[in-house]
>>> print(open('protein.cif').read())   # mmCIF, C-alpha atoms, pLDDT in the B column; chains and numbers go by the auth columns
data_model
#
loop_
_atom_site.group_PDB
_atom_site.id
_atom_site.type_symbol
_atom_site.label_atom_id
_atom_site.label_comp_id
_atom_site.label_asym_id
_atom_site.label_seq_id
_atom_site.Cartn_x
_atom_site.Cartn_y
_atom_site.Cartn_z
_atom_site.B_iso_or_equiv
_atom_site.auth_seq_id
_atom_site.auth_asym_id
ATOM 1 C CA VAL A 1 7.455 -15.789 -4.556 45.00 1 A
ATOM 2 C CA GLY A 2 9.952 -15.397 -7.351 55.00 2 A
ATOM 3 C CA GLY A 3 7.777 -12.793 -9.057 60.00 3 A
ATOM 4 C CA SER A 4 5.121 -15.313 -10.067 68.00 4 A
ATOM 5 C CA ARG A 5 2.267 -13.176 -8.760 76.00 5 A
ATOM 6 C CA ARG A 6 1.705 -9.442 -9.256 82.00 6 A
ATOM 7 C CA LEU A 7 -0.160 -7.015 -7.057 88.00 7 A
ATOM 8 C CA ALA A 8 -3.623 -6.237 -8.411 92.00 8 A
ATOM 9 C CA GLY A 9 -3.722 -2.774 -6.833 94.00 9 A
ATOM 10 C CA GLY A 10 -2.816 -0.731 -3.783 95.00 10 A
ATOM 11 C CA PHE A 11 -4.397 1.872 -1.539 97.00 11 A
ATOM 12 C CA PHE A 12 -2.640 4.448 0.616 98.00 12 A
ATOM 13 C CA TYR A 13 -3.888 6.666 3.460 98.00 13 A
ATOM 14 C CA SER A 14 -1.712 9.767 3.933 97.00 14 A
ATOM 15 C CA PRO A 15 1.438 7.904 2.891 97.00 15 A
ATOM 16 C CA TRP A 16 4.839 9.293 3.816 97.00 16 A
ATOM 17 C CA THR A 17 6.606 8.835 0.491 97.00 17 A
ATOM 18 C CA ASN A 18 9.221 11.608 0.556 97.00 18 A
ATOM 19 C CA LEU A 19 11.848 11.014 3.240 97.00 19 A
ATOM 20 C CA LYS A 20 13.596 14.199 2.113 95.00 20 A
ATOM 21 C CA CYS A 21 10.639 16.130 3.603 95.00 21 A
ATOM 22 C CA ASN A 22 10.937 19.168 1.349 93.00 22 A
ATOM 23 C CA THR A 23 7.474 19.604 -0.173 94.00 23 A
ATOM 24 C CA PRO A 24 5.945 23.103 0.206 94.00 24 A
ATOM 25 C CA GLU A 25 3.069 21.869 2.369 95.00 25 A
ATOM 26 C CA TYR A 26 5.411 21.728 5.355 93.00 26 A
ATOM 27 C CA TYR A 27 4.991 25.506 5.272 93.00 27 A
ATOM 28 C CA SER A 28 1.696 26.175 3.534 93.00 28 A
ATOM 29 C CA ASN A 29 -0.163 23.627 5.705 94.00 29 A
ATOM 30 C CA ALA A 30 1.622 24.453 8.958 92.00 30 A
ATOM 31 C CA TYR A 31 -0.556 24.587 12.056 92.00 31 A
ATOM 32 C CA ALA A 32 -1.609 28.035 13.302 90.00 32 A
ATOM 33 C CA LYS A 33 -3.828 29.315 16.094 88.00 33 A
ATOM 34 C CA ILE A 34 -5.535 32.544 15.120 86.00 34 A
ATOM 35 C CA SER A 35 -7.177 35.012 17.465 84.00 35 A
ATOM 36 C CA ASN A 36 -8.169 38.665 17.286 80.00 36 A
ATOM 37 C CA PRO A 37 -8.601 40.756 20.443 75.00 37 A
ATOM 38 C CA PHE A 38 -10.980 43.046 18.567 76.00 38 A
ATOM 39 C CA LEU A 39 -13.324 40.139 17.822 74.00 39 A
ATOM 40 C CA LYS A 40 -14.006 38.969 21.350 71.00 40 A
ATOM 41 C CA ASP A 41 -16.939 36.746 20.415 73.00 41 A
ATOM 42 C CA ALA A 42 -15.143 35.037 17.545 73.00 42 A
ATOM 43 C CA GLY A 43 -12.934 32.874 19.748 77.00 43 A
ATOM 44 C CA GLU A 44 -9.861 31.143 18.370 83.00 44 A
ATOM 45 C CA ALA A 45 -9.466 29.440 15.011 84.00 45 A
ATOM 46 C CA HIS A 46 -7.173 26.476 14.452 85.00 46 A
ATOM 47 C CA VAL A 47 -5.970 25.876 10.899 89.00 47 A
ATOM 48 C CA GLY A 48 -3.395 23.665 9.231 91.00 48 A
ATOM 49 C CA ASP A 49 -1.947 20.348 10.359 91.00 49 A
ATOM 50 C CA LEU A 50 -3.302 19.673 13.848 87.00 50 A
ATOM 51 C CA MET A 51 -1.270 16.477 14.207 87.00 51 A
ATOM 52 C CA PHE A 52 2.118 18.185 13.845 88.00 52 A
ATOM 53 C CA ASN A 53 1.819 21.635 15.360 86.00 53 A
ATOM 54 C CA GLY A 54 5.449 22.688 15.614 87.00 54 A
ATOM 55 C CA HIS A 55 7.192 25.373 13.572 88.00 55 A
ATOM 56 C CA PRO A 56 7.354 24.414 9.873 87.00 56 A
ATOM 57 C CA SER A 57 11.151 24.195 9.860 86.00 57 A
ATOM 58 C CA GLU A 58 11.137 22.081 13.018 89.00 58 A
ATOM 59 C CA ASN A 59 8.510 19.736 11.576 89.00 59 A
ATOM 60 C CA ALA A 60 10.440 19.211 8.341 91.00 60 A
ATOM 61 C CA GLU A 61 13.701 18.678 10.231 93.00 61 A
ATOM 62 C CA ALA A 62 12.109 16.233 12.671 93.00 62 A
ATOM 63 C CA PHE A 63 10.467 14.274 9.866 93.00 63 A
ATOM 64 C CA GLN A 64 13.730 14.059 7.943 95.00 64 A
ATOM 65 C CA GLY A 65 15.484 12.922 11.119 96.00 65 A
ATOM 66 C CA ASN A 66 12.980 10.092 11.432 96.00 66 A
ATOM 67 C CA GLY A 67 13.546 9.261 7.787 96.00 67 A
ATOM 68 C CA LEU A 68 17.299 9.168 8.295 97.00 68 A
ATOM 69 C CA GLN A 69 16.864 6.721 11.160 97.00 69 A
ATOM 70 C CA TYR A 70 14.635 4.583 8.945 96.00 70 A
ATOM 71 C CA VAL A 71 17.357 4.281 6.287 97.00 71 A
ATOM 72 C CA GLY A 72 20.131 3.574 8.794 97.00 72 A
ATOM 73 C CA GLY A 73 21.729 7.007 8.594 97.00 73 A
ATOM 74 C CA ASN A 74 22.493 6.753 4.873 97.00 74 A
ATOM 75 C CA LYS A 75 21.490 10.170 3.466 96.00 75 A
ATOM 76 C CA SER A 76 21.572 8.965 -0.133 96.00 76 A
ATOM 77 C CA ARG A 77 18.653 6.678 0.646 97.00 77 A
ATOM 78 C CA LEU A 78 16.423 9.674 1.445 97.00 78 A
ATOM 79 C CA VAL A 79 15.969 10.013 -2.311 97.00 79 A
ATOM 80 C CA ASP A 80 16.258 6.326 -3.185 97.00 80 A
ATOM 81 C CA PRO A 81 12.935 5.265 -4.794 96.00 81 A
ATOM 82 C CA ILE A 82 12.989 1.974 -2.904 94.00 82 A
ATOM 83 C CA PHE A 83 12.830 3.793 0.424 96.00 83 A
ATOM 84 C CA SER A 84 11.309 7.070 -0.766 97.00 84 A
ATOM 85 C CA PRO A 85 8.812 6.375 -3.605 97.00 85 A
ATOM 86 C CA PHE A 86 8.220 10.116 -4.117 97.00 86 A
ATOM 87 C CA HIS A 87 11.552 10.103 -6.002 97.00 87 A
ATOM 88 C CA THR A 88 10.648 7.222 -8.276 96.00 88 A
ATOM 89 C CA THR A 89 11.005 7.298 -12.057 96.00 89 A
ATOM 90 C CA ALA A 90 8.714 6.552 -14.960 95.00 90 A
ATOM 91 C CA GLU A 91 10.780 3.463 -15.714 95.00 91 A
ATOM 92 C CA ILE A 92 10.121 2.050 -12.247 95.00 92 A
ATOM 93 C CA LEU A 93 6.433 2.986 -12.255 95.00 93 A
ATOM 94 C CA ARG A 94 5.660 1.664 -15.712 92.00 94 A
ATOM 95 C CA GLY A 95 3.461 -1.406 -15.413 91.00 95 A
ATOM 96 C CA ALA A 96 2.562 -0.802 -11.764 93.00 96 A
ATOM 97 C CA PRO A 97 -0.985 -1.740 -10.658 94.00 97 A
ATOM 98 C CA PRO A 98 -3.755 0.822 -10.011 95.00 98 A
ATOM 99 C CA MET A 99 -3.290 3.045 -6.966 96.00 99 A
ATOM 100 C CA TYR A 100 -5.737 4.828 -4.679 96.00 100 A
ATOM 101 C CA PHE A 101 -4.663 7.686 -2.396 97.00 101 A
ATOM 102 C CA ALA A 102 -6.696 9.405 0.327 97.00 102 A
ATOM 103 C CA VAL A 103 -5.073 12.431 1.937 98.00 103 A
ATOM 104 C CA GLY A 104 -6.110 15.421 4.017 97.00 104 A
ATOM 105 C CA ALA A 105 -5.810 18.872 2.481 96.00 105 A
ATOM 106 C CA ALA A 106 -4.422 20.205 5.775 95.00 106 A
ATOM 107 C CA GLU A 107 -1.564 17.708 6.040 95.00 107 A
ATOM 108 C CA SER A 108 2.092 18.647 6.164 94.00 108 A
ATOM 109 C CA ILE A 109 2.755 15.705 3.838 96.00 109 A
ATOM 110 C CA GLU A 110 -0.111 16.284 1.407 97.00 110 A
ATOM 111 C CA GLY A 111 2.426 16.638 -1.399 97.00 111 A
ATOM 112 C CA ASP A 112 3.699 13.114 -0.767 98.00 112 A
ATOM 113 C CA SER A 113 0.394 11.808 -2.131 98.00 113 A
ATOM 114 C CA THR A 114 -0.338 14.372 -4.836 97.00 114 A
ATOM 115 C CA ILE A 115 3.086 14.282 -6.481 97.00 115 A
ATOM 116 C CA LEU A 116 3.375 10.491 -6.408 97.00 116 A
ATOM 117 C CA ALA A 117 -0.156 10.125 -7.825 96.00 117 A
ATOM 118 C CA GLN A 118 0.742 12.539 -10.629 95.00 118 A
ATOM 119 C CA LYS A 119 3.987 10.722 -11.378 96.00 119 A
ATOM 120 C CA ALA A 120 2.176 7.389 -11.437 95.00 120 A
ATOM 121 C CA ALA A 121 -0.526 8.656 -13.801 94.00 121 A
ATOM 122 C CA MET A 122 2.033 10.241 -16.132 94.00 122 A
ATOM 123 C CA SER A 123 3.770 6.852 -16.285 94.00 123 A
ATOM 124 C CA GLY A 124 0.589 5.118 -17.446 93.00 124 A
ATOM 125 C CA VAL A 125 -0.604 3.900 -14.048 94.00 125 A
ATOM 126 C CA GLN A 126 -4.267 4.254 -13.169 93.00 126 A
ATOM 127 C CA ALA A 127 -4.093 6.584 -10.183 94.00 127 A
ATOM 128 C CA TYR A 128 -6.942 7.873 -8.023 95.00 128 A
ATOM 129 C CA LEU A 129 -6.473 10.768 -5.618 96.00 129 A
ATOM 130 C CA ASP A 130 -9.058 11.864 -3.039 96.00 130 A
ATOM 131 C CA ILE A 131 -8.239 15.056 -1.113 97.00 131 A
ATOM 132 C CA TYR A 132 -10.391 15.882 1.923 95.00 132 A
ATOM 133 C CA ASN A 133 -10.650 19.511 2.943 92.00 133 A
ATOM 134 C CA GLY A 134 -9.512 20.270 6.482 91.00 134 A
ATOM 135 C CA MET A 135 -8.458 16.709 7.269 93.00 135 A
ATOM 136 C CA TRP A 136 -5.339 15.713 9.168 92.00 136 A
ATOM 137 C CA HIS A 137 -2.823 12.874 8.861 93.00 137 A
ATOM 138 C CA VAL A 138 -4.341 9.355 8.510 94.00 138 A
ATOM 139 C CA PHE A 139 -7.847 10.705 9.221 94.00 139 A
ATOM 140 C CA PRO A 140 -9.555 7.502 7.936 95.00 140 A
ATOM 141 C CA MET A 141 -8.456 5.900 11.221 94.00 141 A
ATOM 142 C CA TYR A 142 -10.877 8.157 13.108 92.00 142 A
ATOM 143 C CA SER A 143 -14.155 7.190 11.452 93.00 143 A
ATOM 144 C CA GLU A 144 -15.845 6.788 14.861 91.00 144 A
ATOM 145 C CA GLY A 145 -15.707 10.567 15.216 88.00 145 A
ATOM 146 C CA CYS A 146 -12.725 11.182 17.499 82.00 146 A
ATOM 147 C CA GLN A 147 -14.954 10.803 20.552 81.00 147 A
ATOM 148 C CA ASN A 148 -16.802 14.021 19.742 82.00 148 A
ATOM 149 C CA PRO A 149 -19.502 14.870 22.320 83.00 149 A
ATOM 150 C CA GLU A 150 -22.344 14.500 19.802 84.00 150 A
ATOM 151 C CA GLY A 151 -21.286 10.975 18.894 84.00 151 A
ATOM 152 C CA LYS A 152 -21.217 11.741 15.177 88.00 152 A
ATOM 153 C CA LYS A 153 -19.013 9.739 12.853 91.00 153 A
ATOM 154 C CA LEU A 154 -16.339 11.531 10.863 92.00 154 A
ATOM 155 C CA TRP A 155 -17.984 11.464 7.466 91.00 155 A
ATOM 156 C CA GLN A 156 -14.712 12.176 5.651 92.00 156 A
ATOM 157 C CA ALA A 157 -13.172 9.021 7.110 94.00 157 A
ATOM 158 C CA VAL A 158 -16.271 6.937 6.415 93.00 158 A
ATOM 159 C CA ASN A 159 -16.330 8.225 2.836 92.00 159 A
ATOM 160 C CA ALA A 160 -12.645 7.438 2.273 95.00 160 A
ATOM 161 C CA GLN A 161 -13.133 3.910 3.599 96.00 161 A
ATOM 162 C CA GLN A 162 -16.154 3.393 1.346 94.00 162 A
ATOM 163 C CA ARG A 163 -14.299 4.649 -1.723 94.00 163 A
ATOM 164 C CA THR A 164 -11.398 2.346 -0.842 96.00 164 A
ATOM 165 C CA SER A 165 -13.851 -0.537 -0.642 95.00 165 A
ATOM 166 C CA ASP A 166 -15.331 0.353 -4.049 94.00 166 A
ATOM 167 C CA PHE A 167 -11.816 0.523 -5.528 95.00 167 A
ATOM 168 C CA LEU A 168 -10.869 -2.906 -4.188 95.00 168 A
ATOM 169 C CA LYS A 169 -14.191 -4.551 -5.089 95.00 169 A
ATOM 170 C CA SER A 170 -13.908 -3.352 -8.681 94.00 170 A
ATOM 171 C CA ILE A 171 -10.373 -4.736 -8.996 93.00 171 A
ATOM 172 C CA ALA A 172 -11.409 -8.059 -7.458 92.00 172 A
ATOM 173 C CA ALA A 173 -14.462 -8.423 -9.694 92.00 173 A
ATOM 174 C CA ALA A 174 -13.229 -7.039 -13.004 89.00 174 A
ATOM 175 C CA GLY A 175 -9.469 -6.729 -12.666 86.00 175 A
ATOM 176 C CA LEU A 176 -9.834 -2.990 -13.173 85.00 176 A
ATOM 177 C CA PRO A 177 -10.590 -0.053 -10.876 87.00 177 A
ATOM 178 C CA PRO A 178 -13.803 1.931 -11.332 85.00 178 A
ATOM 179 C CA CYS A 179 -13.724 4.460 -14.177 79.00 179 A
ATOM 180 C CA PRO A 180 -10.241 3.648 -15.511 72.00 180 A
ATOM 181 C CA SER A 181 -8.225 6.750 -16.253 74.00 181 A
ATOM 182 C CA THR A 182 -4.616 7.247 -17.353 71.00 182 A
ATOM 183 C CA GLY A 183 -2.379 10.227 -18.087 83.00 183 A
ATOM 184 C CA ARG A 184 -3.601 12.238 -15.122 87.00 184 A
ATOM 185 C CA PRO A 185 -4.738 11.120 -11.677 90.00 185 A
ATOM 186 C CA ALA A 186 -8.489 10.965 -11.244 91.00 186 A
ATOM 187 C CA THR A 187 -8.684 13.622 -8.539 91.00 187 A
ATOM 188 C CA TRP A 188 -11.642 14.499 -6.335 90.00 188 A
ATOM 189 C CA ILE A 189 -11.552 17.199 -3.668 89.00 189 A
ATOM 190 C CA HIS A 190 -14.140 16.542 -0.976 88.00 190 A
ATOM 191 C CA TYR A 191 -15.701 19.575 0.684 83.00 191 A
ATOM 192 C CA SER A 192 -18.992 18.198 1.945 79.00 192 A
ATOM 193 C CA GLU A 193 -20.627 14.883 2.675 75.00 193 A
ATOM 194 C CA ALA A 194 -21.669 12.886 -0.358 62.00 194 A
ATOM 195 C CA GLY A 195 -25.346 13.147 -1.122 56.00 195 A
ATOM 196 C CA ASP A 196 -26.000 16.742 -0.104 51.00 196 A
ATOM 197 C CA GLY A 197 -25.216 18.193 -3.520 50.00 197 A
ATOM 198 C CA ASN A 198 -24.758 21.937 -3.263 52.00 198 A
ATOM 199 C CA GLY A 199 -26.029 21.978 0.313 49.00 199 A
ATOM 200 C CA LYS A 200 -25.101 24.225 3.195 48.00 200 A
ATOM 201 C CA ASN A 201 -21.455 23.152 3.305 49.00 201 A
ATOM 202 C CA MET A 202 -21.222 24.009 6.981 48.00 202 A
ATOM 203 C CA GLU A 203 -18.355 21.697 7.918 48.00 203 A
ATOM 204 C CA TRP A 204 -15.552 24.222 8.197 46.00 204 A
ATOM 205 C CA PHE A 205 -16.898 27.743 8.120 46.00 205 A
ATOM 206 C CA PRO A 206 -19.904 29.600 9.608 43.00 206 A
#
>>> encode(input="protein.cif", output="structure tokens")
Amino acid sequence: VGGSRRLAGGFFYSPWTNLKCNTPEYYSNAYAKISNPFLKDAGEAHVGDLMFNGHPSENAEAFQGNGLQYVGGNKSRLVDPIFSPFHTTAEILRGAPPMYFAVGAAESIEGDSTILAQKAAMSGVQAYLDIYNGMWHVFPMYSEGCQNPEGKKLWQAVNAQQRTSDFLKSIAAAGLPPCPSTGRPATWIHYSEAGDGNGKNMEWFP
């Protein structure tokens, strides 16, 4: 109350930070179903953002429409840093606490995390960015495995939750996140489950 206490840190899972909805991932990560009649045994492949499988233009327009509702119809607020942190400035970010982001590499709003993490780091904030290959929006919520028939947990979600826990424990114990880094976000792209080194990497391709 009254600014007497400051946040020690913050973590964000697939945050929607850009209400303008104009990052390139709306197109480059758009959902697609791929099939080839000449490869009858190959079946269909599903790539991109499984959570939002409309046409890229429709997705971006729908998202921005939701954003406009959120800000009461005031279009200027779509780029107001208070409502849309993606558009923040170094002056606003300076002195902010450490930040941890976990985002899926297949998300339509992947750029909302990567750009904000980069801006934060360039403003002197300790920023940590974990990108998980093939993952969809807010995937850490599905750690139980999305009811898959084999009953296996979603290791990407479990890993993101564990790394969040490590981040918070370090701040609570030492007042600093693990491996402090400034200037650039400490970025890790996760392709395979931790602990298997350069193993088979069979998660996404045969």
>>> residues_around(input="protein.cif", residues="Asn18 (chain A)", least_positions_apart="5", cutoff="10 Å", atoms="all atoms listed in the file", output="mmCIF file with C-alpha atoms, in the coordinates of the input")
data_model
loop_
_atom_site.group_PDB
_atom_site.id
_atom_site.type_symbol
_atom_site.label_atom_id
_atom_site.label_comp_id
_atom_site.auth_asym_id
_atom_site.auth_seq_id
_atom_site.Cartn_x
_atom_site.Cartn_y
_atom_site.Cartn_z
ATOM 1 C CA THR A 23 7.474 19.604 -0.173
ATOM 2 C CA PHE A 63 10.467 14.274 9.866
ATOM 3 C CA GLN A 64 13.730 14.059 7.943
ATOM 4 C CA GLY A 67 13.546 9.261 7.787
ATOM 5 C CA LEU A 78 16.423 9.674 1.445
ATOM 6 C CA VAL A 79 15.969 10.013 -2.311
ATOM 7 C CA ASP A 80 16.258 6.326 -3.185
ATOM 8 C CA PRO A 81 12.935 5.265 -4.794
ATOM 9 C CA PHE A 83 12.830 3.793 0.424
ATOM 10 C CA SER A 84 11.309 7.070 -0.766
ATOM 11 C CA PRO A 85 8.812 6.375 -3.605
ATOM 12 C CA PHE A 86 8.220 10.116 -4.117
ATOM 13 C CA HIS A 87 11.552 10.103 -6.002
ATOM 14 C CA THR A 88 10.648 7.222 -8.276
ATOM 15 C CA ILE A 109 2.755 15.705 3.838
ATOM 16 C CA GLY A 111 2.426 16.638 -1.399
ATOM 17 C CA ASP A 112 3.699 13.114 -0.767
ATOM 18 C CA SER A 113 0.394 11.808 -2.131
ATOM 19 C CA ILE A 115 3.086 14.282 -6.481
ATOM 20 C CA LEU A 116 3.375 10.491 -6.408
#
>>> residues_around(input="protein.cif", residues="region 30-39 of chain A", least_positions_apart="3", cutoff="12 Å", atoms="all atoms listed in the file", output="ChimeraX atom specification")
/A:23-27,42-60,105-110,134,136
>>> residues_around(input="protein.cif", residues="Gln156 (chain A)", least_positions_apart="3", cutoff="8 Å", atoms="all atoms listed in the file", output="ChimeraX atom specification")
/A:132,135,139-140,143,159-160,190,193
>>> closest_residue(input="protein.cif", among="A:Asn74, A:Gln118, A:Gln161, A:Ser181", to="Val138 (chain A)", atoms="all atoms listed in the file")
A:Gln161
>>> atom_distance(input="protein.cif", atom1="CA of Ala90 (chain A)", atom2="CA of Tyr13 (chain A)")
22.3 Å
